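S.K.: Quick one: the structure is below, questions incoming.
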Amino acid sequence: MKKIRDKNNRTKLAYGKEHTARPVQKRVQSARPRPPEPAAEPAARPSAAERGEEARSTRPDIRYHSGARPDLQMPEILTVEPGSDYALLDSGDGEKLERYGPITIRRPENQAIWRPRLSASEWDAADAVFTGDTDEEGTGRWRFPNGDLGETWPMAQDGLPYLGRFTSYRHVGVFPEQAAHWRFVEEAVKRAGRPVRVLNLFGYTGLASLLAARAGAEVTHVDASKKAIQWARQNQELAGLEDKPIRWICEDAVRYAEREMRRDSRYDIILLDPPKFGRGPKGEVWQIFEDLPYLLSLMRGLLSENPISLILTAYSIRSSFYSLAALMEDHCRGLGGVIQSGELIIREAGDDPRLLSTSLFSRWVGS
Ligand SMILES: C[S@@+](CC[C@H](N)C(=O)[O-])C[C@H]1O[C@@H](n2cnc3c(N)ncnc32)[C@H](O)[C@@H]1O
């Protein structure tokens, strides 16, 4: 990798030999007061100011690679089936009823515009119900009709124990639909038959990192939230994986990627599951539509000589997997392999199950 100077005499990294595209917008630290410590949650909807009315300077130019476009496979629908760790029991009337291990949880689900199949009494039997009471925080926003459950409870994913937690934002510390990617990563690590380095950006409570480490990978996990990192470390302890090589890093994803580029670090598998809007620990603003192209260009630069996969998921955005696929195409030229794009969905349990779409994804897979 070379260092070059731009027209303002600033040093930048040149990591490709190919052409330069138009500059893209760069997010900067906001002049507004610092936000509270980022919660271990996907960020809430941004305010008007956060949606772009603040000053921005330009990011370094994005460098694209030439070469053949990888084969495209789409639509690919990756489905999470009901199992003993997790099942979507029912959905409808703007809610979903789920089972996490032994606990049943009832919470809002905007997409469920259809009617529920289970009876009102089955819904009412839920162990935890999200009320969303804005006067309360954390577990205060939940109701426990069958007796208090405390803030956390032990859960498992494919035999890996972790802590579920009732949070203010109706999330419980796991996005079950991601299991399709986790299994793919675990199998790829085991199949590789060589040391595999995994980078997990926007890693949240660490399930992908822990499952990859358990499969034998050396993992770097990055998240902007101190709380999420603490929770992920707790999960590591609970899973008895303290001896596994995992680096837990509390940093802005873009900043970290830029540093890794400067250090010439390389990864065989990269996972990124960015929110629509978020903030780094120093108030750095993340906006998916503005920042993702640049971040993906950095990801291309961080892929190893013999890369295995680059996995991108996006949720809560008005977009299509075709857009993610086109962006991946931009950054995966010359790598060979295939780009698979589509949706992550969850199949309900029971008869005549419906399919709940949760997120879009596009992943490049080496041949
Ligand atoms: C939905 S979560 C990712 C979920 C994860 N893939 C999983 O399945 O467990 C999004 C995460 O992005 C983090 N985040 C938000 N803005 C960030 C930023 N600028 N840099 C790094 N992480 C950020 C949040 O703290 C949150 O943990």
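So you can find residues: chains in the structure tokens are A, B, ... in the order shown, residues in each start at 1, and ligands are numbered from 1 in order.
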Give the residue list for ligand 1 at 7 Å, counting only C-alpha atoms and all ligand atoms, as a PDB file with C-alpha atoms, in the first residue's frame, sorted by chain and then by residue number.
M.R.:
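The resulting file, out-v4.pdb, is shown below:
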ATOM      1  CA  PRO A  38     -23.908   4.924  22.840  1.00  0.00           C
ATOM      2  CA  ALA A  39     -26.239   2.204  24.058  1.00  0.00           C
ATOM      3  CA  ALA A  40     -25.694  -1.416  23.149  1.00  0.00           C
ATOM      4  CA  GLU A  41     -28.449  -1.022  20.631  1.00  0.00           C
ATOM      5  CA  PRO A  42     -29.044  -0.212  17.028  1.00  0.00           C
ATOM      6  CA  ALA A  43     -29.380   3.552  16.998  1.00  0.00           C
ATOM      7  CA  GLY A 173     -29.143  -8.962  22.441  1.00  0.00           C
ATOM      8  CA  VAL A 174     -29.452 -11.263  19.479  1.00  0.00           C
ATOM      9  CA  PHE A 175     -30.724 -10.990  15.927  1.00  0.00           C
ATOM     10  CA  GLN A 178     -28.095 -13.649  11.478  1.00  0.00           C
ATOM     11  CA  LEU A 201     -17.556  -4.705  12.345  1.00  0.00           C
ATOM     12  CA  PHE A 202     -20.643  -3.380  14.198  1.00  0.00           C
ATOM     13  CA  GLY A 203     -20.339  -6.634  16.171  1.00  0.00           C
ATOM     14  CA  TYR A 204     -22.848  -5.848  18.982  1.00  0.00           C
ATOM     15  CA  THR A 205     -23.024  -8.591  21.649  1.00  0.00           C
ATOM     16  CA  GLY A 206     -20.469 -10.781  19.927  1.00  0.00           C
ATOM     17  CA  LEU A 207     -22.288 -13.916  18.838  1.00  0.00           C
ATOM     18  CA  ALA A 208     -20.724 -13.952  15.365  1.00  0.00           C
ATOM     19  CA  VAL A 222     -15.358  -3.793  16.667  1.00  0.00           C
ATOM     20  CA  ASP A 223     -18.310  -1.874  18.088  1.00  0.00           C
ATOM     21  CA  ALA A 224     -18.811   1.757  19.077  1.00  0.00           C
ATOM     22  CA  SER A 225     -20.706   0.911  22.236  1.00  0.00           C
ATOM     23  CA  ALA A 228     -22.090  -3.823  23.834  1.00  0.00           C
ATOM     24  CA  GLU A 251     -14.090   2.215  18.162  1.00  0.00           C
ATOM     25  CA  ASP A 252     -15.845   3.787  15.213  1.00  0.00           C
ATOM     26  CA  ALA A 253     -15.966   1.200  12.407  1.00  0.00           C
ATOM     27  CA  VAL A 254     -14.659   3.552   9.709  1.00  0.00           C
ATOM     28  CA  LEU A 272     -20.427  -6.010   8.612  1.00  0.00           C
ATOM     29  CA  ASP A 273     -23.926  -5.340   9.827  1.00  0.00           C
ATOM     30  CA  PRO A 274     -24.149  -1.555   9.976  1.00  0.00           C
ATOM     31  CA  PRO A 275     -27.158   0.296  11.359  1.00  0.00           C
ATOM     32  CA  PHE A 277     -27.545   5.591  11.653  1.00  0.00           C
ATOM     33  CA  GLY A 278     -25.045   5.353  14.480  1.00  0.00           C
ATOM     34  CA  ARG A 279     -22.296   7.123  16.328  1.00  0.00           C
ATOM     35  CA  GLY A 280     -18.733   6.198  17.097  1.00  0.00           C
ATOM     36  CA  GLU A 284     -18.400  10.181  14.721  1.00  0.00           C
ATOM     37  CA  VAL A 285     -21.587  10.033  12.685  1.00  0.00           C
ATOM     38  CA  TRP A 286     -22.406   6.925  10.665  1.00  0.00           C
TER      39      TRP A 286
END
S.K.: Please provide the set of residues having any atom within 12 Å of A:Tyr267, restricted to only C-alpha atoms, with same-chain residues fewer than 4 positions apart removed, written as a compact mmCIF listing (two decimals) with C-alpha atoms, in the first residue's frame.
M.R.:
# COMPACT_ATOMS: atom_id res chain seq x y z
CA PRO A 195 -5.46 -20.01 10.14
CA VAL A 196 -8.37 -17.70 9.37
CA ARG A 197 -8.62 -14.06 10.45
CA VAL A 198 -12.13 -12.67 10.89
CA LEU A 199 -13.12 -9.01 11.22
CA ASN A 200 -16.58 -8.37 12.69
CA LEU A 201 -17.56 -4.70 12.35
CA ALA A 217 -10.67 -18.29 13.79
CA GLU A 218 -8.65 -15.40 15.14
CA VAL A 219 -11.25 -12.65 15.55
CA THR A 220 -11.28 -8.86 15.75
CA ALA A 257 -10.82 0.24 9.14
CA GLU A 260 -6.03 -1.21 9.75
CA MET A 261 -5.37 -0.07 6.18
CA LEU A 271 -18.69 -9.34 8.46
CA LEU A 298 -11.79 -0.08 2.83
CA MET A 299 -13.06 -3.63 3.30
CA ARG A 300 -11.82 -4.57 -0.16
CA GLY A 301 -8.43 -3.19 0.84
CA LEU A 302 -8.45 -5.28 4.01
CA LEU A 303 -9.16 -8.60 2.31
CA SER A 304 -6.27 -11.05 2.47
CA GLU A 305 -4.42 -12.56 -0.50
CA ASN A 306 -6.64 -15.59 -0.29
CA PRO A 307 -9.93 -14.20 1.02
CA ILE A 308 -12.92 -16.35 1.92
CA SER A 309 -15.88 -14.00 2.24
CA LEU A 310 -17.15 -10.46 2.68
S.K.: From the DSSP assignment of the backbone, select every residue of stretch 17-232 of chain A that is strand (DSSP E or B), and format the answer as an MDAnalysis selection string.
M.R.: chainID A and resid 20 25:26 57:58 63 71:80 86:92 95:100 103:108 128:130 142:143 152:157 160:165 197:201 218:223
S.K.: Counting only C-alpha atoms, what is within 9 Å of stretch 347-357 of chain A, bar same-chain residues fewer than 5 positions away, as a PDB file with N, CA and C atoms, in the first residue's frame?
M.R.:
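The file below, around-v7.pdb, is the result:
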ATOM      1  N   THR A  79     -32.986 -18.627   5.147  1.00  0.00           N
ATOM      2  CA  THR A  79     -34.100 -18.778   6.086  1.00  0.00           C
ATOM      3  C   THR A  79     -33.645 -19.391   7.401  1.00  0.00           C
ATOM      4  N   VAL A  80     -34.044 -18.767   8.495  1.00  0.00           N
ATOM      5  CA  VAL A  80     -33.812 -19.356   9.814  1.00  0.00           C
ATOM      6  C   VAL A  80     -35.072 -20.121  10.207  1.00  0.00           C
ATOM      7  N   GLU A  81     -34.891 -21.402  10.496  1.00  0.00           N
ATOM      8  CA  GLU A  81     -36.026 -22.275  10.813  1.00  0.00           C
ATOM      9  C   GLU A  81     -36.235 -22.305  12.331  1.00  0.00           C
ATOM     10  N   PRO A  82     -37.447 -22.619  12.769  1.00  0.00           N
ATOM     11  CA  PRO A  82     -37.656 -22.733  14.214  1.00  0.00           C
ATOM     12  C   PRO A  82     -36.812 -23.865  14.792  1.00  0.00           C
ATOM     13  N   GLY A  83     -36.255 -23.652  15.966  1.00  0.00           N
ATOM     14  CA  GLY A  83     -35.415 -24.678  16.582  1.00  0.00           C
ATOM     15  C   GLY A  83     -35.509 -24.591  18.084  1.00  0.00           C
ATOM     16  N   ALA A  87     -37.494 -19.756  18.258  1.00  0.00           N
ATOM     17  CA  ALA A  87     -38.581 -19.976  17.291  1.00  0.00           C
ATOM     18  C   ALA A  87     -39.476 -18.744  17.251  1.00  0.00           C
ATOM     19  N   LEU A  88     -39.862 -18.377  16.051  1.00  0.00           N
ATOM     20  CA  LEU A  88     -40.894 -17.353  15.878  1.00  0.00           C
ATOM     21  C   LEU A  88     -42.224 -18.100  15.925  1.00  0.00           C
ATOM     22  N   LEU A  89     -42.948 -17.925  17.046  1.00  0.00           N
ATOM     23  CA  LEU A  89     -44.149 -18.727  17.264  1.00  0.00           C
ATOM     24  C   LEU A  89     -45.331 -18.215  16.463  1.00  0.00           C
ATOM     25  N   ASP A  90     -45.417 -16.876  16.384  1.00  0.00           N
ATOM     26  CA  ASP A  90     -46.539 -16.283  15.650  1.00  0.00           C
ATOM     27  C   ASP A  90     -46.207 -14.813  15.398  1.00  0.00           C
ATOM     28  N   SER A  91     -46.970 -14.218  14.501  1.00  0.00           N
ATOM     29  CA  SER A  91     -46.804 -12.788  14.249  1.00  0.00           C
ATOM     30  C   SER A  91     -48.124 -12.266  13.722  1.00  0.00           C
ATOM     31  N   GLN A 111     -43.671  -4.978  10.513  1.00  0.00           N
ATOM     32  CA  GLN A 111     -44.019  -5.627   9.245  1.00  0.00           C
ATOM     33  C   GLN A 111     -45.202  -6.568   9.346  1.00  0.00           C
ATOM     34  N   ALA A 112     -45.532  -6.968  10.554  1.00  0.00           N
ATOM     35  CA  ALA A 112     -46.577  -7.985  10.717  1.00  0.00           C
ATOM     36  C   ALA A 112     -47.951  -7.356  10.546  1.00  0.00           C
ATOM     37  N   GLU A 177     -32.010 -13.912  12.923  1.00  0.00           N
ATOM     38  CA  GLU A 177     -31.885 -14.119  11.469  1.00  0.00           C
ATOM     39  C   GLU A 177     -30.432 -14.202  11.019  1.00  0.00           C
TER      40      GLU A 177
END
S.K.: Within 8 Å of stretch 179-186 of chain A, counting only C-alpha atoms, which residues show up once you throw out same-chain ones fewer than 6 positions away? Write them as a PyMOL selection string, please.
M.R.: chain A and resi 78-80+208+211-212+215+269+311+344
S.K.: Which residue out of A:Thr358, A:Arg255, A:Val129, A:Gln73 has the minimum interatomic distance to A:Pro281 when only C-alpha atoms are used?
M.R.: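 Looking at the shortest contact to A:Pro281, the residue is A:Arg255.
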